[in-house]
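See structure below.
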Amino acid sequence: MSFTSFLTYFVTGYSGLVVGLYMISPIFPKAAFGARALAAYVSLLICASYGVVASIVLRLVGRQQIAQWATARAFKYIMAVTTGISFEVEDPNNHLGTVRPAVFIGNHQTELDVLMLGCMFPKYCSVTAKKQLRHVPFLGWYMSLSGTVYIDRKNSKDARQAMAGAAAEIQQKKQSVYMFPEGTRSYAKEPGLLPFKKGAFHLAVQAGVPIVPVVSANYSHILHIKSLVFNGGKIPVKVMDPIPTTGLKAEDVDELARTTRDLMLKEIITLTQKARNEPIALSADTEDAVVKSTGRDASLS
């Protein structure tokens with residue numbers, strides 16, 4: 001069997017499986033989880049392949065800084081078709097289009113946050129990654145081609161030192177970055193935030209650029225992996241006003257992270273109430289929710 005024949009059979013069988021699971025989901029609701037999971041996975045593969053090609057082309061024409069935006073938007077449109085899920089971005093003051101450079105930060109819930117980035121990712125912005133990932137085949141190549149901002153954790157004693165090179169790159173290239181200050185996915189069923197690590201805030205202060213929080217409503221009614229829930233729907237996202245860092249120093253980072261987290265948490269609760277159309281009762285949030293360390297564990301989001 002030739003490779004072309006094998007590929008044809010594979011694509012036909014994969015597509016048939018996804019369609020079949022969607023068809024039986026009204027009778028067996030859990031089938032929708034499998035259908036959307038498979039659809040999302042193949043959508044990601046398609047966009048990753050497109051991203052590599054787009055990054056090469058855009059690099060050749062001198063537009064490398066919009067490579068991740070181009071890949072993100074492709075994922076947005078493909079996922080809307082294959083899974084029926086989209087994030088509705090509210091940005092009344094067009095901060096995504098006018099604030100540059102900046103450190104964009106957001107709440108981190110599940111793997112579906114990749115789609116959230118697809119829907120809101122601004123031009124001239126990139127994700128951040130450990131410098132060591134540059135040498136990983138395929139992933140590292142794409143990151144380098146698309147202008148990822150690397151952070152050197154291996155040779156850094158604390159968060160401030162780790163961010164120094166990235167801060168310089170942001171200033172020189174006017175390149176914004178996107179980071180998740182929680183540092184890991186929360187998989188929360190109710191709206192909330194994990195404690196913040198301080199890397200994003202050190203980066204913003206060192207680069208002298210504003211922090212722009214971008215928060216999404218809790219979407220456990222759309223995706224909750226432990227319950228095998230994976231539904232279609234629209235999830236509201238709010239771009240909050242920029243928080244200036246001009247004149248701030250390293251000793252101000254703890255307070256900056258704390259006040260930013262408080263603002264984001266309030267907005268997440270408001271958005272979730274809007275998405276569910278019902279009030280939300282929450283237990284008291286922890287008062288001190290910023291990792292107090294300058295070691296490596298607190299250096300990156």
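Following the order of the structure tokens, first chain is A, next is B, and so on, with residues numbered from 1 inside each chain and ligands from 1 in the order they appear.
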Enumerate as a PyMOL selection string all residues of segment 62-220 of chain A assigned to helix (DSSP H, G or I) by DSSP on the backbone, naming them with the chain letters and numbers the document uses.
chain A and resi 64-82+95-98+113-120+131-135+139-145+159-173+199-207
Going by DSSP on the backbone, which residues of segment 13-242 of chain A come out as strand (DSSP E or B)? List them as number ranges by chain.
A: 85-90, 103-106, 125-130, 149-151, 176-179, 196, 211-216, 223-224, 229-230, 233-239
Deliver the residues from the most recent selection as a file, using C-alpha atoms, as a short mmCIF file (atom, residue, chain, number, x, y, z; two decimals), in the first residue's frame.
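Written output follows (part.cif):
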```cif
data_model
loop_
_atom_site.label_atom_id
_atom_site.label_comp_id
_atom_site.auth_asym_id
_atom_site.auth_seq_id
_atom_site.Cartn_x
_atom_site.Cartn_y
_atom_site.Cartn_z
CA ILE A 85 -16.55 26.20 20.21
CA SER A 86 -15.47 29.84 20.11
CA PHE A 87 -14.33 32.51 22.54
CA GLU A 88 -16.10 35.86 22.18
CA VAL A 89 -13.56 38.59 22.89
CA GLU A 90 -14.76 41.88 24.39
CA VAL A 103 2.90 41.65 28.74
CA PHE A 104 -0.51 40.04 28.23
CA ILE A 105 -1.57 37.64 30.98
CA GLY A 106 -4.58 35.40 31.48
CA CYS A 125 2.95 39.08 20.09
CA SER A 126 4.46 35.72 20.97
CA VAL A 127 4.35 33.16 23.70
CA THR A 128 7.33 32.69 26.01
CA ALA A 129 9.27 29.45 26.42
CA LYS A 130 12.27 28.01 28.19
CA VAL A 149 10.63 35.02 23.19
CA TYR A 150 12.95 32.69 25.08
CA ILE A 151 13.68 32.87 28.80
CA SER A 176 4.56 41.75 23.17
CA VAL A 177 4.37 38.43 25.00
CA TYR A 178 1.58 36.32 26.49
CA MET A 179 2.02 34.46 29.77
CA PHE A 196 0.37 33.70 40.86
CA ILE A 211 0.48 44.47 31.89
CA VAL A 212 -2.76 43.74 30.04
CA PRO A 213 -4.96 41.11 31.75
CA VAL A 214 -7.15 39.04 29.43
CA VAL A 215 -9.60 36.86 31.35
CA SER A 216 -12.06 34.22 30.25
CA LEU A 223 -15.02 21.35 28.93
CA HIS A 224 -14.52 19.42 32.15
CA VAL A 229 -17.89 16.92 29.39
CA PHE A 230 -17.00 18.54 26.07
CA GLY A 233 -20.70 26.90 22.80
CA LYS A 234 -19.40 30.43 23.15
CA ILE A 235 -17.18 31.55 26.02
CA PRO A 236 -16.87 35.24 26.93
CA VAL A 237 -13.41 36.82 27.22
CA LYS A 238 -12.69 40.32 28.51
CA VAL A 239 -9.61 42.43 27.73
#
```
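Checking A:Asn107, A:Gln132, A:Thr270, A:Thr71 one by one against Leu58 of chain A, counting only C-alpha atoms, you find the shortest gap at A:Thr71.
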Would you please work out which residue, of A:Val42, A:Leu21, A:Ala200, A:Met143, is nearest to Ser55 of chain A when using only C-alpha atoms?
A:Met143
Quick one: residues within 12 Å of Pro244 of chain A, only C-alpha atoms, excluding same-chain residues fewer than 4 positions away - as a list in words?
Val99, Pro101, Ala102, Val103, Phe201, Ala204, Val205, Ala207, Gly208, Val209, Pro210, Ile211, Val212, Pro213, Leu248, Leu256 and Thr260 of chain A
Go ahead and dump the residues you just picked, all heavy atoms, as a tab-separated table (two decimals), in the first residue's frame.
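Once written, again.tsv looks like this:
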```
chain	number	residue	atom	x	y	z
A	99	VAL	N	-2.09	48.57	22.20
A	99	VAL	CA	-1.10	48.55	23.27
A	99	VAL	C	0.06	47.63	22.88
A	99	VAL	O	-0.09	46.42	22.82
A	99	VAL	CB	-1.71	48.09	24.61
A	99	VAL	CG1	-0.65	48.10	25.71
A	99	VAL	CG2	-2.89	48.98	24.98
A	101	PRO	N	4.66	47.58	22.98
A	101	PRO	CA	4.64	46.21	23.49
A	101	PRO	C	3.99	46.15	24.87
A	101	PRO	O	3.85	47.16	25.55
A	101	PRO	CB	6.12	45.85	23.56
A	101	PRO	CG	6.80	47.16	23.83
A	101	PRO	CD	6.00	48.20	23.10
A	102	ALA	N	3.62	44.95	25.26
A	102	ALA	CA	2.98	44.73	26.55
A	102	ALA	C	3.19	43.28	26.97
A	102	ALA	O	3.57	42.43	26.16
A	102	ALA	CB	1.49	45.04	26.47
A	103	VAL	N	2.95	43.03	28.25
A	103	VAL	CA	2.90	41.65	28.74
A	103	VAL	C	1.44	41.31	28.97
A	103	VAL	O	0.80	41.84	29.89
A	103	VAL	CB	3.71	41.48	30.05
A	103	VAL	CG1	3.51	40.07	30.61
A	103	VAL	CG2	5.19	41.73	29.80
A	201	PHE	N	5.40	39.47	35.95
A	201	PHE	CA	5.44	40.80	36.54
A	201	PHE	C	6.87	41.36	36.59
A	201	PHE	O	7.09	42.55	36.34
A	201	PHE	CB	4.80	40.76	37.93
A	201	PHE	CG	3.39	40.24	37.89
A	201	PHE	CD1	3.11	38.90	38.10
A	201	PHE	CD2	2.33	41.09	37.58
A	201	PHE	CE1	1.82	38.41	38.03
A	201	PHE	CE2	1.03	40.62	37.50
A	201	PHE	CZ	0.78	39.27	37.73
A	204	ALA	N	7.52	42.48	32.98
A	204	ALA	CA	6.89	43.75	32.64
A	204	ALA	C	7.62	44.93	33.28
A	204	ALA	O	7.84	45.97	32.64
A	204	ALA	CB	5.42	43.74	33.08
A	205	VAL	N	8.02	44.76	34.54
A	205	VAL	CA	8.72	45.84	35.24
A	205	VAL	C	10.08	46.09	34.63
A	205	VAL	O	10.49	47.24	34.40
A	205	VAL	CB	8.84	45.50	36.75
A	205	VAL	CG1	9.82	46.46	37.44
A	205	VAL	CG2	7.47	45.56	37.41
A	207	ALA	N	11.06	45.42	31.57
A	207	ALA	CA	10.93	45.96	30.21
A	207	ALA	C	10.27	47.34	30.21
A	207	ALA	O	10.31	48.05	29.20
A	207	ALA	CB	10.11	45.00	29.35
A	208	GLY	N	9.64	47.70	31.33
A	208	GLY	CA	8.96	48.99	31.40
A	208	GLY	C	7.71	49.06	30.54
A	208	GLY	O	7.38	50.11	30.00
A	209	VAL	N	7.02	47.93	30.42
A	209	VAL	CA	5.82	47.88	29.57
A	209	VAL	C	4.61	47.55	30.43
A	209	VAL	O	4.73	46.96	31.51
A	209	VAL	CB	5.98	46.82	28.45
A	209	VAL	CG1	7.17	47.16	27.56
A	209	VAL	CG2	6.12	45.42	29.03
A	210	PRO	N	3.40	47.91	29.97
A	210	PRO	CA	2.20	47.63	30.77
A	210	PRO	C	1.83	46.16	30.78
A	210	PRO	O	2.21	45.39	29.89
A	210	PRO	CB	1.12	48.46	30.07
A	210	PRO	CG	1.60	48.60	28.66
A	210	PRO	CD	3.10	48.67	28.75
A	211	ILE	N	1.07	45.79	31.80
A	211	ILE	CA	0.48	44.47	31.89
A	211	ILE	C	-0.98	44.59	31.44
A	211	ILE	O	-1.70	45.48	31.90
A	211	ILE	CB	0.53	43.94	33.33
A	211	ILE	CG1	1.99	43.67	33.73
A	211	ILE	CG2	-0.30	42.67	33.48
A	211	ILE	CD1	2.15	43.40	35.21
A	212	VAL	N	-1.38	43.71	30.53
A	212	VAL	CA	-2.76	43.74	30.04
A	212	VAL	C	-3.42	42.40	30.38
A	212	VAL	O	-3.15	41.38	29.74
A	212	VAL	CB	-2.84	43.98	28.52
A	212	VAL	CG1	-4.29	44.04	28.07
A	212	VAL	CG2	-2.10	45.25	28.13
A	213	PRO	N	-4.27	42.37	31.41
A	213	PRO	CA	-4.96	41.11	31.75
A	213	PRO	C	-6.05	40.79	30.72
A	213	PRO	O	-6.80	41.67	30.30
A	213	PRO	CB	-5.58	41.41	33.12
A	213	PRO	CG	-4.88	42.64	33.63
A	213	PRO	CD	-4.54	43.42	32.40
A	248	LEU	N	8.14	51.43	38.47
A	248	LEU	CA	8.14	50.36	39.46
A	248	LEU	C	9.49	49.65	39.50
A	248	LEU	O	10.23	49.62	38.51
A	248	LEU	CB	7.04	49.35	39.14
A	248	LEU	CG	5.59	49.86	39.18
A	248	LEU	CD1	4.62	48.71	38.96
A	248	LEU	CD2	5.30	50.55	40.50
A	256	LEU	N	2.19	44.36	42.96
A	256	LEU	CA	1.67	44.43	41.60
A	256	LEU	C	0.95	43.13	41.24
A	256	LEU	O	-0.15	43.14	40.69
A	256	LEU	CB	2.81	44.70	40.61
A	256	LEU	CG	2.45	44.68	39.12
A	256	LEU	CD1	1.49	45.81	38.79
A	256	LEU	CD2	3.73	44.80	38.27
A	260	THR	N	-3.17	42.85	40.75
A	260	THR	CA	-3.59	42.38	39.42
A	260	THR	C	-4.45	41.13	39.54
A	260	THR	O	-5.49	41.01	38.89
A	260	THR	CB	-2.37	42.09	38.54
A	260	THR	OG1	-1.58	43.27	38.40
A	260	THR	CG2	-2.81	41.61	37.15
```
Near-Asp252 of chain A list (12 Å; only C-alpha atoms; drop same-chain fewer than 2 positions) as a PyMOL selection string
chain A and resi 198+201-202+204-206+245-250+254-259
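Distance-wise, atom CA of His108 of chain A and atom CA of Gln273 of chain A end up 18.2 Å apart.
Atom CA of Ala70 of chain A lies 23.6 Å from atom CA of Gly232 of chain A.
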